[in-house]
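To start, the structure under review is shown below, and the notes come after it.
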2 protein chains.
Amino acid sequence: MPGSANFLTKNKSIILYGIFLALLLFLLKWLELHFLIMSHAFEIYAGAIAIIFTALGIWLALKLTKPKTVLIEKEIFTPRSETFILNEKELMRLNISKRELEVLQLMSEGLSNQEIASRLFVSLNTIKTHNARLFEKLEAKRRTQAIETAKKLNLIP
Amino acid sequence: MPGSANFLTKNKSIILYGIFLALLLFLLKWLELHFLIMSHAFEIYAGAIAIIFTALGIWLALKLTKPKTVLIEKEIFTPRSETFILNEKELMRLNISKRELEVLQLMSEGLSNQEIASRLFVSLNTIKTHNARLFEKLEAKRRTQAIETAKKLNLIP
DNA sequence: TGAAAAATCATCCTAAAGTATGAAGGCAAA
DNA sequence: TTTGCCTTCATACTTTAGGATGATTTTTCA
């Protein structure tokens with residue numbers, strides 16, 4: 001659609017230009033008689049033609065040059081697995097340590113306390129104390145609640 | 001920077017235009033002698049001037065007119081909370097009932113079994129049996145694991 | 001209408017989670 | 001060096017979660 005419309009616009013301009021040219025030629029023919037007599041004024045005549053046609057050229061160029069509209073659609077998908085960005089501000093605000101975050105992470109992956117302990121080479125009790133601190137800081141009663149909150153705050157993916 | 005550069009470019013063009021004009025006037029003066037004799041060729045002379053100056057006008061316009069490029073940037077954000085689509089195929093495949101999904105949902109929100117029971121006006125034991133079924137179907141050992149799996153399968157937001 | 005599936009509830013028991021409290025070693029900043 | 005924070009571990013206890021099993025009541029669909 002925009003292609004054919006453009007073509008029409010171009011043709012219109014060309015047709016208009018043709019008509020304008022024809023009219024000008026008639027005008028020139030008429031002017032010729034007057035100006036031929038006083039040949040001193042020939043420079044004025046040529047200058048007039050130059051100015052008129054320069055203006056015509058400018059007008060044509062401006063008319064024919066369509067504003068190039070480039071539409072760039074930036075789609076920013078967040079498939080959450082790819083684009084997780086840790087919210088370090090919240091992390092600092094809540095005073096959650098690296099180790100605690102580590103535990104939280106594993107917790108959210110569905111591991112039991114014992115599994116987390118084994119994974120991190122520490123005792124079950126250590127994990128329990130980490131949990132207690134986490135629940136306190138995240139204002140959670142249960143691990144599931146802690147995970148929910150942490151995900152909302154972008155502390156874990 | 002681009003402003004002053006543009007200004008320079010414009011001035012250059014105008015200066016060039018002036019020089020070109022001067023040269024053309026000389027050319028005209030010279031041509032005048034030849035064409036005045038054969039006044040029949042005057043139309044050709046005028047036409048040449050018209051064409052030359054039209055071309056000049058077009059060139060000037062194109063030179064002076066900065067490329068009209070309109071950039072439209074559309075940013076389409078997809079914040080995961082807005083775009084949750086339940087994966088009904090997986091739901092059917094795993095034979096998870098409406099009630100079970102409901103329980104799963106509340107579970108993922110961090111509620112305890114007792115809280116879920118109260119919310120749904122059923123007994124704690126009922127929730128436990130639902131859980132057992134869910135864990136079986138989702139191949140999970142714990143509720144946290146069930147939640148993880150369910151989220152991955154887009155069964156819950 | 002009658003069988004299958006879904007939802008409900010119960011009991012008993014074990015495992016895991018969570019609470020409370022105390023304590024010790026390490027490390028970095030004041 | 002001392003203070004504070006992190007990390008670690010322990011013990012004792014309570015609560016919640018989860019497993020196994022059986023049973024009753026709706027609901028649904030052929």
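Chain labels follow the order of the structure tokens: the first chain is A, the next B, and so on; residue numbering restarts at 1 in every chain, and ligands are counted from 1 in their shown order.
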
Near DA3 in chain C, counting only C-alpha atoms (C1' of nucleotides), which residues have an atom at most 12 Å away, once you skip same-chain residues fewer than 3 positions from it, shown as a list in words? DT28, DC29 and DA30 of chain D

What's the 12 Å shell around range 16-27 of chain C, counting only C-alpha atoms (C1' of nucleotides), without same-chain residues fewer than 5 positions away, as number ranges by chain? A: 111-115, 124-125, 127-136, 140-144; B: 112, 141-143; D: 3-18

Output C-alpha atoms (C1' of nucleotides) for every residue in that selection, as a tab-separated table (two decimals), in the first residue's frame.
chain	number	residue	atom	x	y	z
A	111	LEU	CA	16.34	-29.51	48.46
A	112	SER	CA	15.82	-30.70	52.04
A	113	ASN	CA	17.89	-29.27	54.86
A	114	GLN	CA	19.96	-32.44	54.96
A	115	GLU	CA	20.61	-32.23	51.22
A	124	LEU	CA	22.30	-30.05	59.42
A	125	ASN	CA	22.26	-27.76	62.44
A	127	ILE	CA	21.58	-25.07	57.84
A	128	LYS	CA	18.86	-24.82	60.45
A	129	THR	CA	20.44	-21.74	61.98
A	130	HIS	CA	20.85	-20.19	58.53
A	131	ASN	CA	17.19	-20.91	57.89
A	132	ALA	CA	16.14	-19.32	61.16
A	133	ARG	CA	18.09	-16.16	60.28
A	134	LEU	CA	16.60	-16.14	56.79
A	135	PHE	CA	13.06	-16.51	58.04
A	136	GLU	CA	13.65	-13.68	60.46
A	140	ALA	CA	8.65	-15.70	56.82
A	141	LYS	CA	7.24	-18.46	58.94
A	142	ARG	CA	8.08	-21.30	56.58
A	143	ARG	CA	10.61	-22.06	53.88
A	144	THR	CA	7.93	-21.91	51.21
B	112	SER	CA	1.04	-24.29	55.72
B	141	LYS	CA	9.64	-35.61	47.54
B	142	ARG	CA	8.85	-32.32	49.22
B	143	ARG	CA	6.46	-29.43	48.75
D	3	DT	C1'	34.08	-5.08	68.63
D	4	DG	C1'	30.79	-6.83	65.55
D	5	DC	C1'	29.38	-9.93	62.05
D	6	DC	C1'	29.57	-14.34	59.77
D	7	DT	C1'	29.83	-19.02	60.01
D	8	DT	C1'	29.86	-22.96	62.25
D	9	DC	C1'	28.03	-26.56	65.47
D	10	DA	C1'	25.41	-28.57	69.37
D	11	DT	C1'	21.41	-29.98	72.31
D	12	DA	C1'	16.71	-30.23	73.41
D	13	DC	C1'	12.25	-29.60	72.22
D	14	DT	C1'	7.88	-28.55	69.42
D	15	DT	C1'	5.56	-28.35	65.26
D	16	DT	C1'	4.69	-29.46	60.73
D	17	DA	C1'	5.15	-32.37	56.84
D	18	DG	C1'	4.82	-36.57	54.77

Distance limit 9 Å, atoms considered: only C-alpha atoms (C1' of nucleotides). Which chain B residues sit that close to chain C? Return them as a PyMOL selection string. chain B and resi 97+99+122-126

Quote the spacing between CA of Ile49 in chain A and CA of Phe53 in chain B in Å to one decimal place.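 Value for the CA of Ile49 in chain A-CA of Phe53 in chain B distance: 8.2 Å.
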